[in-house]
$ cat structure_5.cif   # mmCIF, C-alpha atoms
data_protein
loop_
_atom_site.label_atom_id
_atom_site.label_comp_id
_atom_site.auth_asym_id
_atom_site.auth_seq_id
_atom_site.Cartn_x
_atom_site.Cartn_y
_atom_site.Cartn_z
CA MET A 1 7.90 88.69 44.73
CA ALA A 2 11.49 89.83 44.24
CA GLY A 3 10.19 93.19 43.12
CA GLY A 4 7.57 93.37 45.85
CA GLY A 5 9.22 96.21 47.74
CA ALA A 6 7.74 96.77 51.18
CA ALA A 7 4.43 95.22 50.23
CA ALA A 8 3.56 91.99 51.99
CA SER A 9 2.34 89.25 49.71
CA ALA A 10 0.44 86.10 50.50
CA LEU A 11 1.64 83.08 48.53
CA ALA A 12 1.75 79.34 49.15
CA SER A 13 5.19 78.69 50.77
CA PRO A 14 6.93 81.30 48.63
CA TRP A 15 10.32 80.57 50.27
CA ARG A 16 10.28 77.01 48.91
CA ALA A 17 11.05 78.28 45.41
CA LEU A 18 14.06 80.23 46.72
CA LEU A 19 15.29 77.21 48.67
CA GLN A 20 14.86 74.88 45.70
CA ARG A 21 16.84 77.31 43.53
CA ALA A 22 19.62 77.38 46.14
CA LEU A 23 19.66 73.57 46.39
CA ASP A 24 19.85 73.25 42.60
CA GLY A 25 22.50 75.96 42.25
CA ASN A 26 24.71 74.41 44.95
CA ALA A 27 24.02 70.76 44.14
CA HIS A 28 27.64 70.21 43.01
CA LEU A 29 28.74 70.70 46.62
CA ARG A 30 28.30 67.70 48.88
CA HIS A 31 27.83 69.96 51.91
CA SER A 32 24.95 71.88 50.33
CA THR A 33 22.51 69.51 52.07
CA TYR A 34 24.11 70.09 55.48
CA PHE A 35 22.78 72.73 57.83
CA GLN A 36 23.13 73.73 61.46
CA LEU A 37 20.27 72.96 63.81
CA ALA A 38 20.03 75.01 67.02
CA THR A 39 18.00 73.82 70.00
CA VAL A 40 17.82 74.79 73.66
CA SER A 41 19.47 72.42 76.13
CA SER A 42 17.86 71.35 79.38
CA GLY A 43 19.97 73.93 81.23
CA GLY A 44 18.47 76.67 79.05
CA ARG A 45 21.66 77.14 77.03
CA PRO A 46 21.83 77.00 73.24
CA ALA A 47 23.05 73.89 71.44
CA ASN A 48 24.08 73.73 67.80
CA ARG A 49 25.22 70.98 65.44
CA THR A 50 25.48 70.10 61.75
CA VAL A 51 22.83 67.72 60.45
CA VAL A 52 21.80 66.44 57.03
CA PHE A 53 18.69 67.56 55.15
CA ARG A 54 16.60 64.45 54.45
CA GLY A 55 14.02 66.15 52.27
CA PHE A 56 10.57 67.52 52.84
CA GLN A 57 7.74 65.39 54.05
CA GLU A 58 5.35 64.60 51.18
CA TYR A 59 2.81 67.33 50.41
CA SER A 60 4.16 69.61 53.13
CA ASP A 61 6.94 72.06 54.03
CA LYS A 62 8.07 69.94 56.95
CA ILE A 63 11.82 69.31 57.02
CA GLN A 64 13.13 65.84 57.86
CA ILE A 65 16.32 65.06 59.80
CA ASN A 66 17.56 61.63 60.86
CA THR A 67 19.20 61.36 64.24
CA ASP A 68 20.23 58.97 66.97
CA ALA A 69 17.57 58.56 69.67
CA ARG A 70 20.42 58.30 72.23
CA SER A 71 21.93 61.71 71.38
CA ASN A 72 21.56 64.70 73.71
CA LYS A 73 19.36 66.62 71.31
CA ILE A 74 16.43 64.25 71.83
CA GLY A 75 16.09 65.16 75.51
CA GLU A 76 16.65 68.81 74.62
CA ILE A 77 13.88 68.83 72.04
CA LYS A 78 11.49 66.97 74.31
CA SER A 79 11.86 69.70 76.96
CA CYS A 80 11.86 72.59 74.43
CA PRO A 81 10.28 71.44 71.15
CA PHE A 82 11.63 74.23 68.94
CA GLY A 83 14.56 74.57 66.59
CA GLU A 84 16.17 77.04 64.25
CA ILE A 85 17.96 75.80 61.18
CA CYS A 86 20.72 77.98 59.76
CA TRP A 87 21.41 76.89 56.21
CA TYR A 88 24.19 78.72 54.44
CA PHE A 89 24.85 78.02 50.77
CA THR A 90 28.54 78.61 50.25
CA ASP A 91 28.46 79.04 46.47
CA SER A 92 25.44 81.30 46.06
CA TRP A 93 26.00 83.17 49.35
CA GLU A 94 22.42 82.64 50.49
CA GLN A 95 21.29 81.99 54.06
CA PHE A 96 17.99 80.51 55.19
CA ARG A 97 17.12 80.71 58.87
CA ILE A 98 14.16 78.39 59.34
CA SER A 99 12.48 78.23 62.72
CA GLY A 100 9.62 76.11 63.92
CA SER A 101 8.49 73.34 66.20
CA ILE A 102 10.13 69.91 66.08
CA ASP A 103 8.41 66.56 66.32
CA VAL A 104 10.47 63.65 67.64
CA ILE A 105 9.47 60.35 66.04
CA ASP A 106 11.12 57.31 67.56
CA GLY A 107 9.98 53.68 67.61
CA SER A 108 7.72 54.26 70.60
CA ASN A 109 5.52 56.75 68.74
CA SER A 110 1.82 55.87 68.92
CA ASP A 111 0.87 57.42 65.56
CA PRO A 112 0.97 54.75 62.78
CA ASN A 113 1.28 57.48 60.16
CA LYS A 114 4.36 58.94 61.83
CA LEU A 115 5.89 55.49 62.27
CA GLN A 116 5.45 55.01 58.55
CA HIS A 117 7.35 58.25 57.89
CA ARG A 118 10.12 56.98 60.16
CA GLU A 119 10.30 53.67 58.33
CA LYS A 120 10.40 55.45 54.99
CA ALA A 121 13.26 57.65 56.21
CA TRP A 122 15.14 54.57 57.38
CA PHE A 123 14.96 52.84 54.01
CA ALA A 124 15.71 56.09 52.17
CA SER A 125 19.09 56.34 53.89
CA SER A 126 22.06 54.24 52.78
CA VAL A 127 22.93 51.00 54.56
CA ARG A 128 26.20 52.67 55.56
CA SER A 129 24.24 55.50 57.22
CA ARG A 130 21.99 53.00 58.98
CA LEU A 131 25.00 51.20 60.44
CA GLN A 132 25.85 54.16 62.66
CA TYR A 133 22.70 53.49 64.70
CA LEU A 134 24.14 50.12 65.67
CA GLY A 135 27.30 51.71 67.07
CA PRO A 136 27.86 52.80 70.66
CA GLN A 137 25.82 55.62 72.18
CA PRO A 138 27.07 58.98 70.83
CA GLY A 139 29.18 61.04 73.24
CA VAL A 140 30.21 58.29 75.65
CA PRO A 141 33.93 57.72 76.35
CA VAL A 142 35.57 55.36 73.89
CA ILE A 143 37.27 52.37 75.47
CA ASP A 144 37.60 50.12 72.48
CA HIS A 145 35.95 50.73 69.14
CA ASP A 146 37.22 47.72 67.26
CA HIS A 147 33.83 46.04 67.58
CA VAL A 148 32.29 48.68 65.30
CA ASN A 149 33.79 46.88 62.35
CA ASP A 150 31.98 43.66 63.26
CA VAL A 151 28.49 45.14 63.01
CA ARG A 152 26.35 43.71 60.23
CA LEU A 153 22.93 44.80 59.08
CA ASP A 154 20.28 43.10 57.00
CA PRO A 155 19.40 45.70 54.33
CA SER A 156 15.75 44.61 54.38
CA ALA A 157 15.39 44.99 58.17
CA GLY A 158 13.31 47.90 59.44
CA PRO A 159 14.50 50.76 61.67
CA VAL A 160 16.45 49.91 64.82
CA ASP A 161 15.50 51.40 68.20
CA ALA A 162 18.18 54.09 68.03
CA PHE A 163 16.85 55.48 64.77
CA CYS A 164 14.84 58.63 65.23
CA LEU A 165 13.21 60.96 62.72
CA LEU A 166 12.97 64.67 63.54
CA VAL A 167 10.40 66.74 61.68
CA LEU A 168 10.68 70.53 61.78
CA ASP A 169 7.50 72.42 60.87
CA PRO A 170 8.60 75.88 59.61
CA GLU A 171 6.86 78.95 61.05
CA LYS A 172 9.31 81.65 60.01
CA VAL A 173 11.93 81.79 57.27
CA ASP A 174 14.50 84.58 57.21
CA TYR A 175 16.18 84.64 53.80
CA LEU A 176 19.36 86.61 53.15
CA ASN A 177 21.17 86.92 49.84
CA LEU A 178 24.67 88.28 50.36
CA LYS A 179 25.31 88.74 46.64
CA ASN A 180 22.56 91.30 46.10
CA ASN A 181 22.22 92.22 49.79
CA GLN A 182 18.50 91.42 49.85
CA ARG A 183 16.64 89.99 52.80
CA LEU A 184 13.12 88.61 52.88
CA MET A 185 11.15 87.61 55.95
CA PHE A 186 8.45 84.95 55.57
CA ARG A 187 5.95 84.36 58.35
CA ARG A 188 3.34 81.64 58.50
CA SER A 189 -0.16 81.85 59.80
CA ARG A 190 -2.30 78.74 59.95
CA LYS A 191 -5.82 79.00 58.57
CA GLU A 192 -8.85 77.45 60.22
CA ASP A 193 -8.89 74.60 57.69
CA GLY A 194 -5.31 73.73 58.73
CA SER A 195 -3.72 75.09 55.57
CA ASP A 196 -0.80 77.54 55.74
CA ASN A 197 -0.76 81.15 54.74
CA TRP A 198 2.68 82.72 54.21
CA MET A 199 3.36 86.45 54.26
CA ALA A 200 6.57 87.81 52.72
CA GLU A 201 8.20 91.10 53.57
CA LYS A 202 11.39 92.74 52.35
CA VAL A 203 13.50 93.85 55.31
CA SER A 204 16.90 95.49 55.68
CA PRO A 205 19.82 93.04 55.76
CA MET B 1 46.60 63.37 72.30
CA ALA B 2 45.26 61.68 69.15
CA GLY B 3 46.44 58.37 70.49
CA GLY B 4 45.22 59.08 74.01
CA GLY B 5 42.39 56.56 73.91
CA ALA B 6 40.02 56.90 76.82
CA ALA B 7 42.58 58.64 78.99
CA ALA B 8 41.84 62.26 79.83
CA SER B 9 44.80 64.57 79.35
CA ALA B 10 45.42 68.06 80.66
CA LEU B 11 46.98 70.42 78.13
CA ALA B 12 46.86 74.17 77.53
CA SER B 13 43.92 74.72 75.10
CA PRO B 14 44.64 71.53 73.18
CA TRP B 15 41.74 72.16 70.76
CA ARG B 16 43.42 75.33 69.47
CA ALA B 17 45.97 73.26 67.54
CA LEU B 18 43.18 71.27 65.87
CA LEU B 19 41.27 74.45 65.01
CA GLN B 20 44.36 76.13 63.61
CA ARG B 21 45.07 73.09 61.45
CA ALA B 22 41.48 73.20 60.15
CA LEU B 23 41.72 76.95 59.44
CA ASP B 24 45.00 76.45 57.57
CA GLY B 25 43.73 73.42 55.65
CA ASN B 26 40.54 75.19 54.55
CA ALA B 27 42.04 78.67 54.05
CA HIS B 28 41.44 78.51 50.28
CA LEU B 29 37.70 78.64 50.97
CA ARG B 30 36.28 82.08 51.72
CA HIS B 31 33.56 80.58 53.89
CA SER B 32 36.03 78.75 56.14
CA THR B 33 35.94 81.70 58.54
CA TYR B 34 32.12 81.64 58.73
CA PHE B 35 30.35 79.75 61.46
CA GLN B 36 26.86 79.47 62.93
CA LEU B 37 26.21 81.06 66.30
CA ALA B 38 23.25 79.77 68.31
CA THR B 39 21.71 81.79 71.12
CA VAL B 40 18.45 81.64 73.06
CA SER B 41 15.82 84.24 72.19
CA SER B 42 13.85 86.15 74.79
CA GLY B 43 10.93 83.76 74.25
CA GLY B 44 13.19 80.84 75.21
CA ARG B 45 13.43 79.54 71.65
CA PRO B 46 16.70 78.89 69.84
CA ALA B 47 18.11 81.38 67.34
CA ASN B 48 20.86 80.66 64.81
CA ARG B 49 22.76 82.71 62.25
CA THR B 50 25.98 82.75 60.24
CA VAL B 51 28.66 85.13 61.52
CA VAL B 52 32.30 85.79 60.68
CA PHE B 53 35.23 84.72 62.85
CA ARG B 54 37.21 87.86 63.71
CA GLY B 55 40.10 86.08 65.40
CA PHE B 56 41.02 85.30 68.97
CA GLN B 57 41.54 87.98 71.54
CA GLU B 58 45.26 88.44 72.24
CA TYR B 59 46.75 85.96 74.70
CA SER B 60 43.45 84.13 75.15
CA ASP B 61 41.07 81.60 73.59
CA LYS B 62 38.24 84.13 73.42
CA ILE B 63 36.54 84.27 70.03
CA GLN B 64 35.64 87.64 68.53
CA ILE B 65 32.56 88.39 66.41
CA ASN B 66 31.48 91.78 65.06
CA THR B 67 27.79 92.54 65.03
CA ASP B 68 25.21 95.29 64.81
CA ALA B 69 24.13 96.58 68.22
CA ARG B 70 20.61 97.00 66.77
CA SER B 71 20.21 93.32 65.79
CA ASN B 72 17.97 90.95 67.74
CA LYS B 73 20.85 88.87 69.03
CA ILE B 74 22.05 91.65 71.33
CA GLY B 75 18.86 91.57 73.40
CA GLU B 76 18.92 87.77 73.28
CA ILE B 77 22.46 87.57 74.61
CA LYS B 78 21.81 90.14 77.30
CA SER B 79 18.96 88.00 78.67
CA CYS B 80 20.81 84.66 78.17
CA PRO B 81 24.58 85.30 77.91
CA PHE B 82 25.54 81.98 76.36
CA GLY B 83 26.21 80.79 72.83
CA GLU B 84 27.20 77.72 70.92
CA ILE B 85 29.24 78.05 67.77
CA CYS B 86 28.92 75.30 65.18
CA TRP B 87 31.87 75.54 62.81
CA TYR B 88 31.91 73.05 59.99
CA PHE B 89 34.93 72.89 57.68
CA THR B 90 33.60 71.75 54.34
CA ASP B 91 36.89 70.57 52.86
CA SER B 92 38.37 68.67 55.82
CA TRP B 93 34.98 67.45 57.14
CA GLU B 94 35.71 68.65 60.65
CA GLN B 95 33.18 70.15 63.05
CA PHE B 96 33.88 72.23 66.14
CA ARG B 97 31.03 72.92 68.52
CA ILE B 98 32.29 75.64 70.86
CA SER B 99 30.10 76.70 73.75
CA GLY B 100 30.63 79.37 76.34
CA SER B 101 29.51 82.68 77.75
CA ILE B 102 29.29 85.75 75.55
CA ASP B 103 30.30 89.27 76.49
CA VAL B 104 28.56 92.12 74.62
CA ILE B 105 30.85 95.12 74.15
CA ASP B 106 29.11 98.16 72.73
CA GLY B 107 30.06 101.83 72.99
CA SER B 108 28.40 102.18 76.40
CA ASN B 109 30.74 99.66 78.04
CA SER B 110 32.41 101.02 81.17
CA ASP B 111 35.60 98.95 80.88
CA PRO B 112 38.34 100.93 79.04
CA ASN B 113 40.15 97.70 78.22
CA LYS B 114 37.07 96.24 76.53
CA LEU B 115 36.42 99.49 74.67
CA GLN B 116 39.95 99.25 73.35
CA HIS B 117 39.25 95.73 72.06
CA ARG B 118 36.14 97.08 70.34
CA GLU B 119 38.07 99.89 68.70
CA LYS B 120 40.74 97.47 67.55
CA ALA B 121 38.07 95.20 66.02
CA TRP B 122 36.55 98.21 64.22
CA PHE B 123 39.82 99.22 62.58
CA ALA B 124 40.68 95.58 61.81
CA SER B 125 37.57 95.29 59.62
CA SER B 126 37.43 96.71 56.11
CA VAL B 127 35.89 100.12 55.42
CA ARG B 128 33.29 98.29 53.35
CA SER B 129 32.38 96.13 56.37
CA ARG B 130 32.19 99.21 58.59
CA LEU B 131 29.74 100.88 56.20
CA GLN B 132 27.02 98.35 57.03
CA TYR B 133 26.77 99.83 60.54
CA LEU B 134 25.68 103.12 59.00
CA GLY B 135 22.79 101.48 57.16
CA PRO B 136 19.24 101.07 58.43
CA GLN B 137 18.49 98.91 61.45
CA PRO B 138 18.66 95.22 60.48
CA GLY B 139 15.32 93.46 60.10
CA VAL B 140 13.07 96.49 59.65
CA PRO B 141 10.82 96.70 56.58
CA VAL B 142 12.52 98.29 53.58
CA ILE B 143 10.71 101.27 52.12
CA ASP B 144 13.48 102.79 50.06
CA HIS B 145 17.08 101.68 50.19
CA ASP B 146 18.55 104.05 47.63
CA HIS B 147 20.03 106.20 50.38
CA VAL B 148 22.40 103.36 51.36
CA ASN B 149 24.56 104.31 48.40
CA ASP B 150 25.00 107.85 49.73
CA VAL B 151 26.63 106.82 52.99
CA ARG B 152 30.24 107.92 53.38
CA LEU B 153 32.69 107.06 56.10
CA ASP B 154 35.97 108.64 57.18
CA PRO B 155 38.38 105.65 57.34
CA SER B 156 40.17 107.19 60.34
CA ALA B 157 36.95 107.66 62.36
CA GLY B 158 36.42 105.35 65.36
CA PRO B 159 33.56 102.88 65.86
CA VAL B 160 30.01 104.11 65.33
CA ASP B 161 27.29 103.48 67.93
CA ALA B 162 25.86 100.50 66.05
CA PHE B 163 29.16 98.63 66.10
CA CYS B 164 29.29 95.93 68.72
CA LEU B 165 31.94 93.37 69.56
CA LEU B 166 30.87 89.96 70.88
CA VAL B 167 33.43 87.89 72.76
CA LEU B 168 32.73 84.20 73.34
CA ASP B 169 34.75 82.58 76.12
CA PRO B 170 34.93 78.83 75.34
CA GLU B 171 34.07 76.37 78.11
CA LYS B 172 33.52 73.23 76.07
CA VAL B 173 34.69 72.20 72.61
CA ASP B 174 33.20 69.16 70.91
CA TYR B 175 35.41 68.18 67.97
CA LEU B 176 34.27 65.74 65.30
CA ASN B 177 36.31 64.52 62.35
CA LEU B 178 34.07 62.86 59.77
CA LYS B 179 36.99 61.57 57.70
CA ASN B 180 38.41 59.34 60.42
CA ASN B 181 35.21 59.24 62.50
CA GLN B 182 36.95 60.50 65.64
CA ARG B 183 35.40 62.73 68.25
CA LEU B 184 37.13 64.53 71.08
CA MET B 185 35.47 66.38 73.93
CA PHE B 186 37.39 69.22 75.58
CA ARG B 187 36.19 70.68 78.87
CA ARG B 188 37.59 73.67 80.65
CA SER B 189 38.04 74.18 84.35
CA ARG B 190 39.31 77.49 85.64
CA LYS B 191 42.09 77.38 88.21
CA GLU B 192 42.23 79.63 91.25
CA ASP B 193 44.83 81.87 89.61
CA GLY B 194 42.40 82.50 86.72
CA SER B 195 44.26 80.30 84.24
CA ASP B 196 42.45 77.61 82.27
CA ASN B 197 42.83 73.89 82.55
CA TRP B 198 41.51 71.82 79.62
CA MET B 199 40.69 68.13 79.82
CA ALA B 200 40.39 66.09 76.61
CA GLU B 201 38.48 62.86 76.23
CA LYS B 202 37.88 60.61 73.25
CA VAL B 203 34.16 59.88 72.88
CA SER B 204 32.06 57.95 70.39
CA PRO B 205 30.94 59.99 67.34
#

$ encode --input "structure_5.cif" --output "structure tokens"
Amino acid sequence: MAGGGAAASALASPWRALLQRALDGNAHLRHSTYFQLATVSSGGRPANRTVVFRGFQEYSDKIQINTDARSNKIGEIKSCPFGEICWYFTDSWEQFRISGSIDVIDGSNSDPNKLQHREKAWFASSVRSRLQYLGPQPGVPVIDHDHVNDVRLDPSAGPVDAFCLLVLDPEKVDYLNLKNNQRLMFRRSRKEDGSDNWMAEKVSP
Amino acid sequence: MAGGGAAASALASPWRALLQRALDGNAHLRHSTYFQLATVSSGGRPANRTVVFRGFQEYSDKIQINTDARSNKIGEIKSCPFGEICWYFTDSWEQFRISGSIDVIDGSNSDPNKLQHREKAWFASSVRSRLQYLGPQPGVPVIDHDHVNDVRLDPSAGPVDAFCLLVLDPEKVDYLNLKNNQRLMFRRSRKEDGSDNWMAEKVSP
């Protein structure tokens, strides 16, 4: 693919190999699993924040993010269910812009399969990470935060109400390598049988 | 301010001191001047990309970004003139989310003062950086990119047509420190005489 020139090629999620290489090559950096997720706020303005990559959903390209159901982004995504991830790898100078629709999975979800994904994500995160969902609502004025230290959590207990799983389903991936100045654009089309077809094209950086 | 608790305090751009401290503390990292700029695309979806901080405009809090006038973001910003910067400092674990309106200053701008800012930004960037504005339009399919090596530029020549200065005027700054788990929200109000008034509030992370 790297030598594909202008020719478009159809491969199964060809950008995944590039992303995996970047993850491996930058694995020594704690922040290599952090990326910026942009959404559109209810007022139609852009919103942007750093979140943590929680892996791909099994047997798919869907990207998982844990978040607090009480944070502003939940309302934002419900009114405009799209996001663009900007993932910059600081050691290899590679950028992945990954855009797609976002599914919000909180405890009220009616799909047992999705609730299972949420539960899995809960137990996959550290107890320390889980504790933050027992804290006060994000973004509200702090009066007294001493009580945060008193919070205890049974490690075997399932997800709390505030725990929400976001699942971004990639439609377009814009890859830029600043070391060799190469840029590749990947676009998805969905086949009738539900499987994905990805086209790759070399574009100017 | 750090000990201000829930009390709101009015100070002149109080977040600038925090940002300067983060810039100084992370200056050994090349990527510390890179941040992610989110905008809203013409289709109403979010867009997000890494850009380089080109300093503040003199005597103001306005943030400067150089870009290619032929890139998609120009049309996006013209139809929705707002942006949110997400600036994560990987060494100090600090995040600044800076939102505000964006002014697009290309060569066709009618304001001589703004054109002067654009020219200044052009000469402040390296000749190597300037060369990219002589390359092909970003995002178009690459047929043959050998000609890129032939491009020459007179270092004393002014900005080319493709060079565009973006100026983000901050309205809200959401500061998060992941080391001490503190979050401060700064909101601007503009006084009648045109000067800014910033309010700071401690909020839950």

$ residues_around --input "structure_5.cif" --residues "Glu171 (chain A)" --least-positions-apart "6" --cutoff "8 Å" --atoms "all atoms listed in the file" --output "list of chain:residue names"
A:Ile98, A:Ser99, A:Gly100, A:Ser101, A:Arg187, A:Arg188, A:Ser189

$ residues_near_point --input "structure_5.cif" --point "(38.7, 86.9, 68.1)" --cutoff "10 Å" --atoms "only C-alpha atoms" --output "PyMOL selection string"
chain B and resi 52-58+60-66+117+121+165-169

$ interface_residues --input "structure_5.cif" --of "chain B" --to "chain A" --cutoff "6 Å" --atoms "all atoms listed in the file" --output "number ranges by chain"
B: 6, 38-40, 46-49, 83-84, 86, 138-143, 202-205

$ closest_residue --input "structure_5.cif" --among "B:Arg190, B:Ser129, B:Leu176, B:Cys164" --to "Lys114 (chain B)" --atoms "all atoms listed in the file"
B:Cys164

$ atom_distance --input "structure_5.cif" --atom1 "CA of Leu153 (chain B)" --atom2 "CA of Asp111 (chain B)"
26.2 Å

$ axis_aligned_box --input "structure_5.cif" --around "region 78-94 of chain B" --padding-each-side "8 Å" --output "AutoDock Vina command-line options"
--center_x 28.7 --center_y 78.8 --center_z 65.8 --size_x 35.4 --size_y 38.7 --size_z 41.8

$ atom_distance --input "structure_5.cif" --atom1 "CA of Ser13 (chain A)" --atom2 "CA of Trp198 (chain A)"
5.9 Å

$ atom_distance --input "structure_5.cif" --atom1 "CA of Asp161 (chain B)" --atom2 "CA of Ala69 (chain B)"
7.6 Å

$ build_atoms --input "structure_5.cif" --residues "region 60-68 of chain B" --atoms "all heavy atoms" --output "compact mmCIF listing (two decimals), in the frame of the given file"
# COMPACT_ATOMS: atom_id res chain seq x y z
N SER B 60 44.59 84.87 74.58
CA SER B 60 43.45 84.13 75.15
C SER B 60 42.81 83.25 74.09
O SER B 60 43.16 83.32 72.91
CB SER B 60 42.41 85.10 75.73
OG SER B 60 41.51 85.52 74.72
N ASP B 61 41.84 82.44 74.52
CA ASP B 61 41.07 81.60 73.59
C ASP B 61 39.75 82.24 73.21
O ASP B 61 38.90 81.61 72.58
CB ASP B 61 40.75 80.25 74.28
CG ASP B 61 41.99 79.40 74.49
OD1 ASP B 61 42.92 79.51 73.67
OD2 ASP B 61 42.01 78.64 75.47
N LYS B 62 39.53 83.47 73.64
CA LYS B 62 38.24 84.13 73.42
C LYS B 62 38.05 84.47 71.94
O LYS B 62 38.93 85.05 71.32
CB LYS B 62 38.14 85.37 74.29
CG LYS B 62 38.08 85.05 75.77
CD LYS B 62 37.98 86.32 76.61
CE LYS B 62 37.95 85.96 78.09
NZ LYS B 62 37.97 87.16 78.95
N ILE B 63 36.86 84.12 71.45
CA ILE B 63 36.54 84.27 70.03
C ILE B 63 35.77 85.56 69.79
O ILE B 63 34.78 85.84 70.46
CB ILE B 63 35.73 83.04 69.56
CG1 ILE B 63 36.65 81.81 69.56
CG2 ILE B 63 35.10 83.26 68.19
CD1 ILE B 63 35.93 80.50 69.35
N GLN B 64 36.25 86.34 68.81
CA GLN B 64 35.64 87.64 68.53
C GLN B 64 34.70 87.60 67.33
O GLN B 64 35.01 86.99 66.30
CB GLN B 64 36.73 88.68 68.30
CG GLN B 64 37.65 88.87 69.50
CD GLN B 64 38.60 90.04 69.32
OE1 GLN B 64 38.64 90.93 70.14
NE2 GLN B 64 39.36 90.00 68.24
N ILE B 65 33.58 88.29 67.47
CA ILE B 65 32.56 88.39 66.41
C ILE B 65 32.09 89.85 66.37
O ILE B 65 31.79 90.42 67.42
CB ILE B 65 31.35 87.48 66.74
CG1 ILE B 65 31.77 86.01 66.83
CG2 ILE B 65 30.22 87.67 65.73
CD1 ILE B 65 30.85 85.16 67.70
N ASN B 66 32.04 90.43 65.18
CA ASN B 66 31.48 91.78 65.06
C ASN B 66 30.00 91.69 64.76
O ASN B 66 29.57 90.84 63.98
CB ASN B 66 32.15 92.55 63.91
CG ASN B 66 33.62 92.78 64.13
OD1 ASN B 66 34.11 92.66 65.26
ND2 ASN B 66 34.34 93.12 63.07
N THR B 67 29.23 92.57 65.34
CA THR B 67 27.79 92.54 65.03
C THR B 67 27.18 93.93 65.18
O THR B 67 27.82 94.86 65.65
CB THR B 67 27.06 91.50 65.91
OG1 THR B 67 25.75 91.29 65.36
CG2 THR B 67 26.93 91.97 67.34
N ASP B 68 25.93 94.03 64.74
CA ASP B 68 25.21 95.29 64.81
C ASP B 68 24.48 95.37 66.15
O ASP B 68 23.71 94.46 66.48
CB ASP B 68 24.22 95.38 63.64
CG ASP B 68 23.72 96.80 63.42
OD1 ASP B 68 23.20 97.40 64.39
OD2 ASP B 68 23.85 97.31 62.29
